[in-house]
$ cat run-v3.pdb   # PDB, C-alpha atoms, pLDDT in the B column
ATOM      1  CA  MET A   1      15.012  -0.945  -0.607  1.00 92.00           C
ATOM      2  CA  ASN A   2      14.337   2.671  -1.523  1.00 95.00           C
ATOM      3  CA  TYR A   3      13.078   4.084   1.784  1.00 93.00           C
ATOM      4  CA  GLN A   4      12.406   7.470   0.186  1.00 96.00           C
ATOM      5  CA  LYS A   5       9.357   5.910  -1.511  1.00 96.00           C
ATOM      6  CA  LEU A   6       7.896   4.511   1.733  1.00 95.00           C
ATOM      7  CA  ASP A   7       5.724   6.366   4.215  1.00 94.00           C
ATOM      8  CA  ALA A   8       6.600   6.287   7.924  1.00 93.00           C
ATOM      9  CA  ALA A   9       3.827   3.837   8.845  1.00 93.00           C
ATOM     10  CA  LEU A  10       5.003   1.323   6.240  1.00 94.00           C
ATOM     11  CA  THR A  11       8.638   1.661   7.306  1.00 93.00           C
ATOM     12  CA  THR A  12       7.643   1.015  10.925  1.00 92.00           C
ATOM     13  CA  ALA A  13       5.519  -2.000   9.969  1.00 92.00           C
ATOM     14  CA  LEU A  14       8.394  -3.483   7.949  1.00 92.00           C
ATOM     15  CA  ASN A  15      10.557  -3.468  11.072  1.00 90.00           C
ATOM     16  CA  ASP A  16       7.980  -5.588  12.932  1.00 88.00           C
ATOM     17  CA  VAL A  17       7.553  -8.340  10.313  1.00 87.00           C
ATOM     18  CA  GLN A  18       9.218 -11.679  11.001  1.00 88.00           C
ATOM     19  CA  ASN A  19       8.659 -13.540   7.703  1.00 89.00           C
ATOM     20  CA  LEU A  20      10.025 -11.553   4.742  1.00 88.00           C
ATOM     21  CA  GLU A  21       8.258 -13.773   2.185  1.00 91.00           C
ATOM     22  CA  GLU A  22       4.733 -13.796   3.662  1.00 90.00           C
ATOM     23  CA  PRO A  23       2.287 -11.277   2.168  1.00 90.00           C
ATOM     24  CA  SER A  24       1.145  -9.578   5.366  1.00 89.00           C
ATOM     25  CA  LEU A  25       1.170  -5.813   4.761  1.00 92.00           C
ATOM     26  CA  GLY A  26      -1.654  -3.921   3.111  1.00 93.00           C
ATOM     27  CA  VAL A  27      -0.281  -1.164   0.899  1.00 95.00           C
ATOM     28  CA  PHE A  28      -1.323   1.483  -1.590  1.00 95.00           C
ATOM     29  CA  ILE A  29       0.971   1.471  -4.616  1.00 95.00           C
ATOM     30  CA  HIS A  30       1.170   4.873  -6.332  1.00 95.00           C
ATOM     31  CA  THR A  31       2.595   4.617  -9.850  1.00 94.00           C
ATOM     32  CA  GLU A  32       3.073   6.637 -12.998  1.00 90.00           C
ATOM     33  CA  SER A  33      -0.269   7.020 -14.751  1.00 84.00           C
ATOM     34  CA  VAL A  34       0.836   5.173 -17.897  1.00 85.00           C
ATOM     35  CA  LEU A  35       2.297   1.726 -17.262  1.00 88.00           C
ATOM     36  CA  ASP A  36       3.975  -0.378 -19.905  1.00 90.00           C
ATOM     37  CA  SER A  37       3.431  -4.115 -20.226  1.00 89.00           C
ATOM     38  CA  ALA A  38       6.545  -4.912 -18.167  1.00 92.00           C
ATOM     39  CA  ALA A  39       5.301  -2.812 -15.239  1.00 92.00           C
ATOM     40  CA  THR A  40       1.860  -4.396 -15.496  1.00 91.00           C
ATOM     41  CA  ALA A  41       3.461  -7.846 -15.439  1.00 92.00           C
ATOM     42  CA  VAL A  42       5.471  -6.977 -12.317  1.00 93.00           C
ATOM     43  CA  LEU A  43       2.370  -5.799 -10.461  1.00 93.00           C
ATOM     44  CA  GLU A  44       0.391  -8.865 -11.499  1.00 92.00           C
ATOM     45  CA  SER A  45       3.254 -11.163 -10.418  1.00 93.00           C
ATOM     46  CA  PHE A  46       2.846  -9.776  -6.889  1.00 92.00           C
ATOM     47  CA  GLY A  47      -0.885 -10.500  -6.955  1.00 90.00           C
ATOM     48  CA  VAL A  48      -2.076  -6.957  -7.585  1.00 90.00           C
ATOM     49  CA  SER A  49      -5.503  -7.169  -9.175  1.00 84.00           C
ATOM     50  CA  GLY A  50      -7.262  -4.681 -11.415  1.00 85.00           C
ATOM     51  CA  VAL A  51      -4.118  -3.492 -13.161  1.00 87.00           C
ATOM     52  CA  SER A  52      -5.238  -1.481 -16.156  1.00 79.00           C
ATOM     53  CA  SER A  53      -4.107   1.464 -18.205  1.00 71.00           C
ATOM     54  CA  GLY A  54      -5.005   4.843 -16.783  1.00 79.00           C
ATOM     55  CA  LYS A  55      -4.987   3.768 -13.122  1.00 87.00           C
ATOM     56  CA  ASP A  56      -2.183   5.018 -10.921  1.00 90.00           C
ATOM     57  CA  ILE A  57      -3.160   3.747  -7.457  1.00 92.00           C
ATOM     58  CA  PHE A  58      -3.408   0.065  -6.632  1.00 93.00           C
ATOM     59  CA  THR A  59      -3.970  -1.841  -3.399  1.00 92.00           C
ATOM     60  CA  ALA A  60      -2.397  -5.134  -2.456  1.00 93.00           C
ATOM     61  CA  THR A  61      -1.262  -7.265   0.451  1.00 94.00           C
ATOM     62  CA  LEU A  62       2.473  -7.711  -0.030  1.00 94.00           C
ATOM     63  CA  SER A  63       5.483  -9.300   1.596  1.00 94.00           C
ATOM     64  CA  PRO A  64       8.410  -7.156   2.724  1.00 95.00           C
ATOM     65  CA  ASN A  65      10.475  -8.595  -0.156  1.00 95.00           C
ATOM     66  CA  ALA A  66       7.821  -7.557  -2.693  1.00 95.00           C
ATOM     67  CA  ILE A  67       7.695  -4.065  -1.174  1.00 96.00           C
ATOM     68  CA  SER A  68      11.465  -3.834  -1.455  1.00 95.00           C
ATOM     69  CA  GLN A  69      11.401  -4.868  -5.118  1.00 96.00           C
ATOM     70  CA  LEU A  70       8.584  -2.457  -5.972  1.00 96.00           C
ATOM     71  CA  SER A  71      10.317   0.432  -4.214  1.00 96.00           C
ATOM     72  CA  GLU A  72      13.232   0.035  -6.630  1.00 96.00           C
ATOM     73  CA  GLN A  73      11.048   0.369  -9.751  1.00 96.00           C
ATOM     74  CA  ALA A  74      11.349   3.742 -11.506  1.00 95.00           C
ATOM     75  CA  TRP A  75       7.610   3.770 -12.330  1.00 95.00           C
ATOM     76  CA  VAL A  76       6.614   3.443  -8.653  1.00 96.00           C
ATOM     77  CA  LYS A  77       6.200   6.899  -7.101  1.00 96.00           C
ATOM     78  CA  TYR A  78       5.621   5.793  -3.508  1.00 95.00           C
ATOM     79  CA  LEU A  79       4.135   3.112  -1.273  1.00 96.00           C
ATOM     80  CA  LYS A  80       1.812   3.832   1.646  1.00 96.00           C
ATOM     81  CA  ARG A  81       0.627   1.570   4.440  1.00 95.00           C
ATOM     82  CA  SER A  82      -3.048   0.723   4.295  1.00 89.00           C
ATOM     83  CA  GLN A  83      -4.763   0.648   7.666  1.00 76.00           C
ATOM     84  CA  GLN A  84      -7.631  -1.643   8.571  1.00 66.00           C
ATOM     85  CA  LEU A  85     -10.759   0.434   9.018  1.00 62.00           C
ATOM     86  CA  ARG A  86     -13.113  -0.384  11.845  1.00 64.00           C
ATOM     87  CA  LEU A  87     -16.707   0.535  12.406  1.00 64.00           C
ATOM     88  CA  LEU A  88     -17.706   2.633  15.353  1.00 62.00           C
ATOM     89  CA  ASN A  89     -20.443   1.126  17.467  1.00 62.00           C
ATOM     90  CA  LYS A  90     -21.505   4.387  19.080  1.00 59.00           C
ATOM     91  CA  ARG A  91     -24.453   6.430  17.983  1.00 60.00           C
ATOM     92  CA  ILE A  92     -23.931  10.144  17.799  1.00 58.00           C
ATOM     93  CA  ASN A  93     -26.651  12.332  19.220  1.00 58.00           C
ATOM     94  CA  ILE A  94     -26.898  15.068  16.607  1.00 57.00           C
ATOM     95  CA  GLY A  95     -28.656  17.375  19.087  1.00 57.00           C
ATOM     96  CA  LYS A  96     -25.493  17.465  21.190  1.00 57.00           C
ATOM     97  CA  LEU A  97     -23.376  18.523  18.231  1.00 55.00           C
ATOM     98  CA  GLY A  98     -25.097  21.895  17.990  1.00 54.00           C
ATOM     99  CA  ILE A  99     -26.328  21.385  14.447  1.00 53.00           C
TER
END
$ encode --input "run-v3.pdb" --output "structure tokens"
Amino acid sequence: MNYQKLDAALTTALNDVQNLEEPSLGVFIHTESVLDSAATAVLESFGVSGVSSGKDIFTATLSPNAISQLSEQAWVKYLKRSQQLRLLNKRINIGKLGI
């Protein structure tokens, strides 16, 4: 695994995973902007959808083994952990913000 291509949050999450084959980590895959057919095939084999020419950021839920394999690809710039967003249930009183 090329840890230089992983952000700190992804590295930490990899340490907590028990099953190395189970796709359980949401990641952003940052690649070169022009991918050849071999690179496209690799991404699609890991279940990455929407792989097309001209895109350089992809999202996927991957296993630690898939992350390791992608980190070794020359056309992968870096991999970042994707965090689950949550909605806030509080209303903000704009009058209190001084606007």
$ resolve_selection --input "run-v3.pdb" --expression "the PyMOL selection byres ((chain A and resi 56-61) around 9)" --output "list in words"
Pro23, Ser24, Leu25, Gly26, Val27, Phe28, Ile29, His30, Thr31, Glu32, Ser33, Val34, Leu35, Phe46, Gly47, Val48, Ser49, Gly50, Val51, Ser52, Ser53, Gly54, Lys55, Leu62, Ser63 and Ser82 of chain A
$ atom_distance --input "run-v3.pdb" --atom1 "atom CA of A:Gln18" --atom2 "atom CA of A:Lys80"
19.6 Å
$ closest_residue --input "run-v3.pdb" --among "A:Met1, A:Trp75, A:Leu6, A:Asn19" --to "A:Val42" --atoms "only C-alpha atoms"
A:Trp75
$ atom_distance --input "run-v3.pdb" --atom1 "atom CA of A:Leu70" --atom2 "atom CA of A:Gln4"
12.3 Å
$ residues_around --input "run-v3.pdb" --residues "A:Ala8" --least-positions-apart "3" --cutoff "9 Å" --atoms "all atoms listed in the file" --output "list in words"
Thr11, Thr12, Ala13, Lys80 and Arg81 of chain A
$ atom_distance --input "run-v3.pdb" --atom1 "atom CA of A:Leu43" --atom2 "atom CA of A:Leu10"
18.3 Å
$ closest_residue --input "run-v3.pdb" --among "A:Glu44, A:Leu14, A:Ala39, A:Ala9" --to "A:Gln73" --atoms "only C-alpha atoms"
A:Ala39
